Each structure stands twice: as C-alpha cells, then as structure tokens.
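Chemist: Got a structure for you, written out below as structure tokens; questions coming shortly.
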Amino acid sequence: MAPFTSPFTMGISDQDGFTTSDPRRRRRLLDRVEEAGLDHVSVGDHISFHDGSGFDGMITANTMLSSHDRLSVLIGIYLLGLRHPMATARQLSTLSQAAPGRLTLGVGVGGEDRREVSNAGVDPRTRGRRLDEALMLVRRLLTGEEVSHEGEFFRLDGARILPAPDPGIPIVIGGKGDVAVRRTAESGDGWLGIFCSARRFAETRERILEAASDLDRPTPSWFGVNVWCGLDTDPRRARELLAAKMQGLYHLPYEKFQYIAPAGTPEQVAEFLLPFVESGAEHITVIPVGSGVEAEIDAVAALREQLVRAVGTTRE
C-alpha cells in the first residue's frame, strides 16, 4: 500500500445537538466545532426511520450553513431515490446560492427500514433503479441545461434549473459492494463509506478507481468514511453510551457493530481510524456518542489531534 501523503479532513455528525431550537446555542456549538479545528459538519437524512425518527437532510444542511459562515456541510447520505430530481436540483441550486462551495451531497439507496421506503410511495424493489435515474437527472439539471427525459420513473419536458451551482456541488455515493462500485464509477465524484473495515474500504476504493478508468470517466477524487464512535476518558463508559445509542436507533444489538464502530478514549479510537487514512480516506466524519454535545465536540477534537500525530509518524 502506498504511504499516505495527503492531508485528511475531519468532521463531526452530531445532528441531535446541532438542531437545537435555540439559535444562539446552535451558533455557539458550531463555533466550538470550528475552534476545535474540525472541517465540516455532516447531517443525515430520513423521512421516517423505524420509530418515526429522522431529519430532512436538505433542511438541516440549510440550517447549518445559515448558522455558520465558514464550516462546510456534508449531507451523508440523502435518500435521493425517495425524492423527485427536479425538487432536489432546485434545493441544491438554492443552497449553492446561499453558501457557494460549502456543500457536498452524499446520496444512497437506504432501505434499512423498508417501511420508510414504501411509506414514501416507492416500491423497495425498485429503489436502486430509481436512485440511478434520479441521480443522472440531478446531474444533468445542475448543469443549467434544458433536460427532456422519458424514463422508467420520471418524465421531464424541457426542464431547467437556474442558476447552476458555481462552483459545482460534489456528489458522492454511499453504500457498499458491487452496486456502490458501479454507481460511483458511472456517476459519482467519489465514495462515502460507512459500516466497513479499513481493509474493505481500501478494496472498494481501488475497485472504484479501476472501474472508472475502464469507463474513461474522470477519476473519482473524493473518498471518505463515516464512523460511529463512543468517546470517553473511561473506555467502558464509552462502550455503554455507544451501545445504548446504536441499539436504540437501529434496533440491533451493539455486538453487530462493535468491530466497525469503536468505543474508547480518543487515543484508542485514533488507532482504529489510522488504517482508514492510510487506505486513502481523506475525509473522516465521526458520529460521536459521549456525555453531551460539548463533550463530544471536544472528544472529536482530541481524536483529531491523536490521528494527526499518528499520521505524521507514517509519512515519508
């Protein structure tokens, strides 16, 4: 494996805390994120996940972008297959006008809760094909050109979205396996992994680069990973906090995640993340679980410092 030679960015996903109804507290928290040396905030997207929970990714991204003047926002991931591409392209154009160059869109098929898909009016069996068609249309619409299309799911007649985002909005693909490789190689600016090992991350990245080369497409240049992390000075407490959070959200025991969702001190979690950086993950997003929002931000900052030190020891 080639030595890591490029800097990585690190962001935080702490949606429950950042979506506070108190705008002053929200701005203070985001200022704390920037002061901690973190590069971006990541927001998720669900219509109605399992017990009805979730946040609309576009609305939350707008809240974050309008609450801070410098931090970038990653939507990771947006369930594009459950939305109409015209509405999505318009939202992206609007966000780009308000915060040019500060948004990255991650898209994926979702489906962990099949009722979320079906209750949105989409047949779960078609969600992958629907995502592919919507993704193609969003990309075309964001160029500002007129688009006419007759497809399996969507029909557009002389559709146009202006102004086109300038600079363009990177669109990265979430997911794993053969479909994620194919979709990223065909339509993505990069890939956003989650729930994978560093070995699997490295393998998927190489497969994407090879597949894109075979298609004679521009080489995807954005590779990142989202990682759930329990963080506390007491490793046992970190595990307890993370287990309770993940079990409540995913309705699965933490043992299903323990090898891909680390818990411990910032130094211990940095050891887990280092192989991802060495494998080409240039964008790390930590989904932290700790004793409170401020403590989580500080713990991710400490984690970043540990990882920077570790990466420095591996450079040529």
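All residue names refer to the structure tokens as shown: chains lettered A, B, ... in order, residues numbered from 1 in each chain, ligands numbered from 1 in order.
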Pick out each residue of range 187-266 of chain A that DSSP on the backbone tags as helix (DSSP H, G or I); I need them as a PyMOL selection string.
Modeler: chain A and resi 187+198-214+235-250+254-256+266
Chemist: Store the residues picked out above in a file with N, CA, C and O atoms, as a compact mmCIF listing (two decimals), in the first residue's frame.
Modeler:
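Full text of part02.txt as output:
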# COMPACT_ATOMS: atom_id res chain seq x y z
N SER A 187 -21.26 7.49 -11.99
CA SER A 187 -21.96 8.75 -11.75
C SER A 187 -21.45 9.58 -10.60
O SER A 187 -21.96 10.68 -10.37
N ALA A 198 -11.36 -1.09 7.56
CA ALA A 198 -10.36 -0.38 6.76
C ALA A 198 -9.93 -1.21 5.56
O ALA A 198 -9.69 -0.68 4.47
N ARG A 199 -9.85 -2.52 5.73
CA ARG A 199 -9.49 -3.39 4.61
C ARG A 199 -10.54 -3.31 3.51
O ARG A 199 -10.22 -3.18 2.33
N ARG A 200 -11.80 -3.38 3.89
CA ARG A 200 -12.87 -3.29 2.90
C ARG A 200 -12.90 -1.91 2.25
O ARG A 200 -13.16 -1.78 1.05
N PHE A 201 -12.61 -0.88 3.02
CA PHE A 201 -12.55 0.48 2.45
C PHE A 201 -11.49 0.53 1.36
O PHE A 201 -11.73 1.04 0.26
N ALA A 202 -10.30 0.04 1.67
CA ALA A 202 -9.20 0.09 0.70
C ALA A 202 -9.54 -0.69 -0.56
O ALA A 202 -9.28 -0.24 -1.68
N GLU A 203 -10.14 -1.88 -0.39
CA GLU A 203 -10.50 -2.70 -1.55
C GLU A 203 -11.54 -2.00 -2.42
O GLU A 203 -11.44 -1.99 -3.66
N THR A 204 -12.55 -1.41 -1.78
CA THR A 204 -13.61 -0.73 -2.53
C THR A 204 -13.04 0.48 -3.27
O THR A 204 -13.38 0.73 -4.43
N ARG A 205 -12.20 1.23 -2.62
CA ARG A 205 -11.60 2.39 -3.26
C ARG A 205 -10.83 1.99 -4.52
O ARG A 205 -10.97 2.62 -5.58
N GLU A 206 -10.03 0.95 -4.42
CA GLU A 206 -9.25 0.50 -5.59
C GLU A 206 -10.17 0.02 -6.71
O GLU A 206 -9.91 0.28 -7.89
N ARG A 207 -11.22 -0.68 -6.36
CA ARG A 207 -12.15 -1.17 -7.38
C ARG A 207 -12.85 -0.01 -8.08
O ARG A 207 -13.07 -0.05 -9.30
N ILE A 208 -13.18 1.03 -7.33
CA ILE A 208 -13.83 2.20 -7.94
C ILE A 208 -12.89 2.88 -8.92
O ILE A 208 -13.28 3.24 -10.04
N LEU A 209 -11.64 3.06 -8.52
CA LEU A 209 -10.68 3.71 -9.40
C LEU A 209 -10.47 2.89 -10.68
O LEU A 209 -10.38 3.46 -11.78
N GLU A 210 -10.40 1.59 -10.55
CA GLU A 210 -10.23 0.74 -11.72
C GLU A 210 -11.46 0.78 -12.63
O GLU A 210 -11.34 0.88 -13.86
N ALA A 211 -12.66 0.74 -12.03
CA ALA A 211 -13.88 0.76 -12.82
C ALA A 211 -14.06 2.09 -13.54
O ALA A 211 -14.47 2.13 -14.70
N ALA A 212 -13.73 3.19 -12.88
CA ALA A 212 -13.83 4.50 -13.52
C ALA A 212 -12.85 4.61 -14.67
O ALA A 212 -13.17 5.19 -15.72
N SER A 213 -11.65 4.05 -14.51
CA SER A 213 -10.66 4.07 -15.58
C SER A 213 -11.15 3.29 -16.79
O SER A 213 -10.98 3.71 -17.93
N ASP A 214 -11.79 2.15 -16.54
CA ASP A 214 -12.32 1.34 -17.64
C ASP A 214 -13.41 2.08 -18.41
O ASP A 214 -13.60 1.85 -19.61
N PRO A 235 -13.07 3.94 28.89
CA PRO A 235 -13.46 3.10 27.76
C PRO A 235 -14.75 2.32 27.99
O PRO A 235 -15.54 2.13 27.06
N ARG A 236 -14.95 1.85 29.22
CA ARG A 236 -16.18 1.10 29.49
C ARG A 236 -17.41 1.98 29.34
O ARG A 236 -18.41 1.58 28.76
N ARG A 237 -17.30 3.21 29.85
CA ARG A 237 -18.41 4.16 29.72
C ARG A 237 -18.64 4.50 28.25
O ARG A 237 -19.79 4.62 27.80
N ALA A 238 -17.58 4.64 27.47
CA ALA A 238 -17.71 4.93 26.03
C ALA A 238 -18.49 3.83 25.33
O ALA A 238 -19.37 4.09 24.50
N ARG A 239 -18.19 2.59 25.68
CA ARG A 239 -18.89 1.46 25.05
C ARG A 239 -20.36 1.45 25.46
O ARG A 239 -21.24 1.20 24.63
N GLU A 240 -20.63 1.71 26.72
CA GLU A 240 -22.02 1.71 27.20
C GLU A 240 -22.85 2.78 26.48
O GLU A 240 -23.98 2.53 26.05
N LEU A 241 -22.29 3.96 26.35
CA LEU A 241 -23.00 5.05 25.68
C LEU A 241 -23.27 4.73 24.22
O LEU A 241 -24.37 4.95 23.71
N LEU A 242 -22.25 4.21 23.54
CA LEU A 242 -22.40 3.90 22.11
C LEU A 242 -23.39 2.77 21.91
O LEU A 242 -24.24 2.83 21.00
N ALA A 243 -23.32 1.73 22.74
CA ALA A 243 -24.23 0.60 22.60
C ALA A 243 -25.67 1.03 22.77
O ALA A 243 -26.54 0.65 21.98
N ALA A 244 -25.94 1.85 23.77
CA ALA A 244 -27.33 2.30 24.00
C ALA A 244 -27.84 3.12 22.82
O ALA A 244 -28.99 2.96 22.40
N LYS A 245 -27.00 4.00 22.29
CA LYS A 245 -27.42 4.85 21.18
C LYS A 245 -27.70 4.04 19.93
O LYS A 245 -28.74 4.20 19.27
N MET A 246 -26.80 3.15 19.57
CA MET A 246 -26.95 2.41 18.33
C MET A 246 -28.08 1.38 18.42
O MET A 246 -28.82 1.18 17.45
N GLN A 247 -28.23 0.76 19.56
CA GLN A 247 -29.32 -0.19 19.72
C GLN A 247 -30.66 0.51 19.65
O GLN A 247 -31.62 -0.02 19.06
N GLY A 248 -30.75 1.71 20.21
CA GLY A 248 -32.00 2.45 20.15
C GLY A 248 -32.35 2.89 18.75
O GLY A 248 -33.52 2.93 18.36
N LEU A 249 -31.33 3.24 17.94
CA LEU A 249 -31.58 3.74 16.59
C LEU A 249 -31.82 2.62 15.60
O LEU A 249 -32.76 2.67 14.79
N TYR A 250 -30.97 1.58 15.64
CA TYR A 250 -31.01 0.55 14.61
C TYR A 250 -31.79 -0.70 15.02
O TYR A 250 -31.99 -1.61 14.21
N TYR A 254 -25.53 -4.01 19.94
CA TYR A 254 -24.25 -3.38 19.59
C TYR A 254 -23.23 -4.39 19.10
O TYR A 254 -22.34 -4.04 18.30
N GLU A 255 -23.35 -5.63 19.52
CA GLU A 255 -22.40 -6.65 19.07
C GLU A 255 -22.38 -6.79 17.56
O GLU A 255 -21.38 -7.23 16.98
N LYS A 256 -23.46 -6.40 16.89
CA LYS A 256 -23.49 -6.42 15.43
C LYS A 256 -22.58 -5.36 14.83
O LYS A 256 -22.22 -5.43 13.65
N PRO A 266 -10.04 8.89 23.04
CA PRO A 266 -9.62 9.40 21.74
C PRO A 266 -8.38 8.70 21.20
O PRO A 266 -8.27 8.44 19.99
Chemist: Applying 10 Å and only C-alpha atoms, which residues near His40 in chain A remain after dropping the ones on its own chain fewer than 4 positions away? List them as a ChimeraX atom specification.
Modeler: /A:9-13,30,33-34,70-74,102-104,283-285
Chemist: Could you take the residues named above and write them with N, CA, C and O atoms, as a short mmCIF file (atom, residue, chain, number, x, y, z; two decimals), in the first residue's frame?
Modeler:
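Below is the file that was written, result-v5.cif:
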data_model
loop_
_atom_site.label_atom_id
_atom_site.label_comp_id
_atom_site.auth_asym_id
_atom_site.auth_seq_id
_atom_site.Cartn_x
_atom_site.Cartn_y
_atom_site.Cartn_z
N THR A 9 -9.30 15.58 6.08
CA THR A 9 -10.21 16.46 6.80
C THR A 9 -11.00 15.62 7.79
O THR A 9 -11.22 14.43 7.57
N MET A 10 -11.40 16.26 8.87
CA MET A 10 -12.23 15.56 9.85
C MET A 10 -13.43 16.41 10.20
O MET A 10 -13.31 17.62 10.42
N GLY A 11 -14.58 15.77 10.20
CA GLY A 11 -15.82 16.45 10.55
C GLY A 11 -16.58 15.69 11.61
O GLY A 11 -16.16 14.63 12.07
N ILE A 12 -17.70 16.26 11.99
CA ILE A 12 -18.50 15.69 13.07
C ILE A 12 -19.96 15.65 12.66
O ILE A 12 -20.46 16.56 11.99
N SER A 13 -20.61 14.58 13.00
CA SER A 13 -22.06 14.46 12.80
C SER A 13 -22.70 14.38 14.18
O SER A 13 -22.53 13.38 14.88
N LEU A 30 -21.49 25.42 16.82
CA LEU A 30 -20.77 25.39 15.55
C LEU A 30 -19.47 26.17 15.63
O LEU A 30 -18.46 25.78 15.03
N VAL A 33 -17.08 23.85 17.12
CA VAL A 33 -16.60 22.89 16.12
C VAL A 33 -15.43 23.50 15.34
O VAL A 33 -14.39 22.86 15.15
N GLU A 34 -15.60 24.73 14.86
CA GLU A 34 -14.53 25.37 14.09
C GLU A 34 -13.30 25.61 14.96
O GLU A 34 -12.16 25.33 14.53
N ARG A 70 -18.45 29.67 7.75
CA ARG A 70 -17.25 29.06 7.16
C ARG A 70 -17.30 27.54 7.10
O ARG A 70 -16.74 26.96 6.17
N LEU A 71 -17.90 26.87 8.05
CA LEU A 71 -17.92 25.41 8.05
C LEU A 71 -18.61 24.87 6.80
O LEU A 71 -19.62 25.41 6.35
N SER A 72 -18.07 23.79 6.28
CA SER A 72 -18.72 23.08 5.18
C SER A 72 -19.69 22.06 5.74
O SER A 72 -19.60 21.66 6.90
N VAL A 73 -20.61 21.63 4.88
CA VAL A 73 -21.62 20.65 5.28
C VAL A 73 -21.62 19.49 4.30
O VAL A 73 -21.59 19.68 3.08
N LEU A 74 -21.64 18.30 4.84
CA LEU A 74 -21.79 17.07 4.07
C LEU A 74 -23.15 16.47 4.39
O LEU A 74 -23.46 16.24 5.56
N ARG A 102 -19.64 25.24 -0.27
CA ARG A 102 -19.58 24.71 1.10
C ARG A 102 -20.42 23.46 1.30
O ARG A 102 -20.56 22.98 2.43
N LEU A 103 -20.96 22.90 0.23
CA LEU A 103 -21.85 21.74 0.36
C LEU A 103 -21.32 20.57 -0.46
O LEU A 103 -20.90 20.73 -1.60
N THR A 104 -21.34 19.39 0.14
CA THR A 104 -21.11 18.13 -0.55
C THR A 104 -22.33 17.26 -0.34
O THR A 104 -22.81 17.12 0.79
N HIS A 283 -11.40 12.05 3.95
CA HIS A 283 -12.47 12.77 4.63
C HIS A 283 -13.07 11.84 5.69
O HIS A 283 -13.76 10.88 5.35
N ILE A 284 -12.80 12.13 6.94
CA ILE A 284 -13.28 11.31 8.05
C ILE A 284 -14.40 12.08 8.76
O ILE A 284 -14.22 13.23 9.14
N THR A 285 -15.55 11.43 8.90
CA THR A 285 -16.63 12.02 9.69
C THR A 285 -16.90 11.12 10.88
O THR A 285 -17.21 9.94 10.72
#
Chemist: If you measure from CA of Gly121 in chain A to CA of Gly52 in chain A, what distance in Å do you get, rounded to one decimal?
Modeler: 15.9 Å
Chemist: Looking at only C-alpha atoms, which of A:Cys196, A:Leu105, A:Leu156, A:Ala164 is the one that sits closest to Phe272 in chain A?
Modeler: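 Of all the options, A:Cys196 lies closest to Phe272 in chain A.
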Chemist: Please identify all polymer residues within 7 Å of Pro124 in chain A, counting only C-alpha atoms, omitting same-chain residues fewer than 4 positions from it, and present them as a list of chain:residue names.
Modeler: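 Those residues are A:Arg114, A:Val117, A:Ser118.
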Chemist: So, counting only C-alpha atoms, which residue among A:Leu80, A:Leu215, A:Met86, A:Val147 is closest to Asp132 in chain A?
Modeler: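 Closest to Asp132 in chain A, using only C-alpha atoms: A:Leu80.
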Chemist: Between range 127-246 of chain A and range 295-298 of chain A, at 10 Å or less, what are the per-residue closest atom pairs and their distances in Å? Count only C-alpha atoms, order by chain and rising residue number, and return it as a tab-separated table.
Modeler:
residue	atom	partner	partner_atom	distance
A:Cys229	CA	A:Glu296	CA	9.9
A:Gly230	CA	A:Glu296	CA	9.1
A:Leu231	CA	A:Glu296	CA	7.2
A:Asp232	CA	A:Glu296	CA	8.5
Chemist: Would you export the selected residues with N, CA, C and O atoms as a PDB file, in the first residue's frame, please?
Modeler:
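The file below, result-v7.pdb, is the result:
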ATOM      1  N   CYS A 229     -18.612   6.354  16.782  1.00  0.00           N
ATOM      2  CA  CYS A 229     -17.565   6.215  17.792  1.00  0.00           C
ATOM      3  C   CYS A 229     -18.117   6.556  19.175  1.00  0.00           C
ATOM      4  O   CYS A 229     -18.729   7.612  19.354  1.00  0.00           O
ATOM      5  N   GLY A 230     -17.884   5.686  20.129  1.00  0.00           N
ATOM      6  CA  GLY A 230     -18.119   6.020  21.521  1.00  0.00           C
ATOM      7  C   GLY A 230     -16.853   6.644  22.082  1.00  0.00           C
ATOM      8  O   GLY A 230     -15.768   6.070  21.947  1.00  0.00           O
ATOM      9  N   LEU A 231     -16.951   7.811  22.696  1.00  0.00           N
ATOM     10  CA  LEU A 231     -15.766   8.542  23.150  1.00  0.00           C
ATOM     11  C   LEU A 231     -15.934   8.992  24.597  1.00  0.00           C
ATOM     12  O   LEU A 231     -16.889   9.676  24.943  1.00  0.00           O
ATOM     13  N   ASP A 232     -14.986   8.589  25.421  1.00  0.00           N
ATOM     14  CA  ASP A 232     -14.993   8.982  26.825  1.00  0.00           C
ATOM     15  C   ASP A 232     -13.615   8.668  27.398  1.00  0.00           C
ATOM     16  O   ASP A 232     -12.887   7.828  26.849  1.00  0.00           O
TER      17      ASP A 232
END
Chemist: Assign secondary structure with DSSP using the backbone only, and return the residues of range 137-286 of chain A in strand (DSSP E or B) as a count of residues only.
Modeler: 34
Chemist: Name all residues at most 9 Å from Asp157 in chain A (count only C-alpha atoms; drop same-chain ones fewer than 6 positions away) and give them as a ChimeraX atom specification.
Modeler: /A:146-150
Chemist: Give me a file of those residues, with C-alpha atoms, as a PDB file, in the first residue's frame.
Modeler:
ATOM      1  CA  GLU A 146     -32.508  22.116 -20.631  1.00  0.00           C
ATOM      2  CA  VAL A 147     -33.413  18.484 -19.967  1.00  0.00           C
ATOM      3  CA  SER A 148     -36.075  16.330 -21.633  1.00  0.00           C
ATOM      4  CA  HIS A 149     -36.348  12.735 -20.484  1.00  0.00           C
ATOM      5  CA  GLU A 150     -38.654   9.713 -20.711  1.00  0.00           C
TER       6      GLU A 150
END
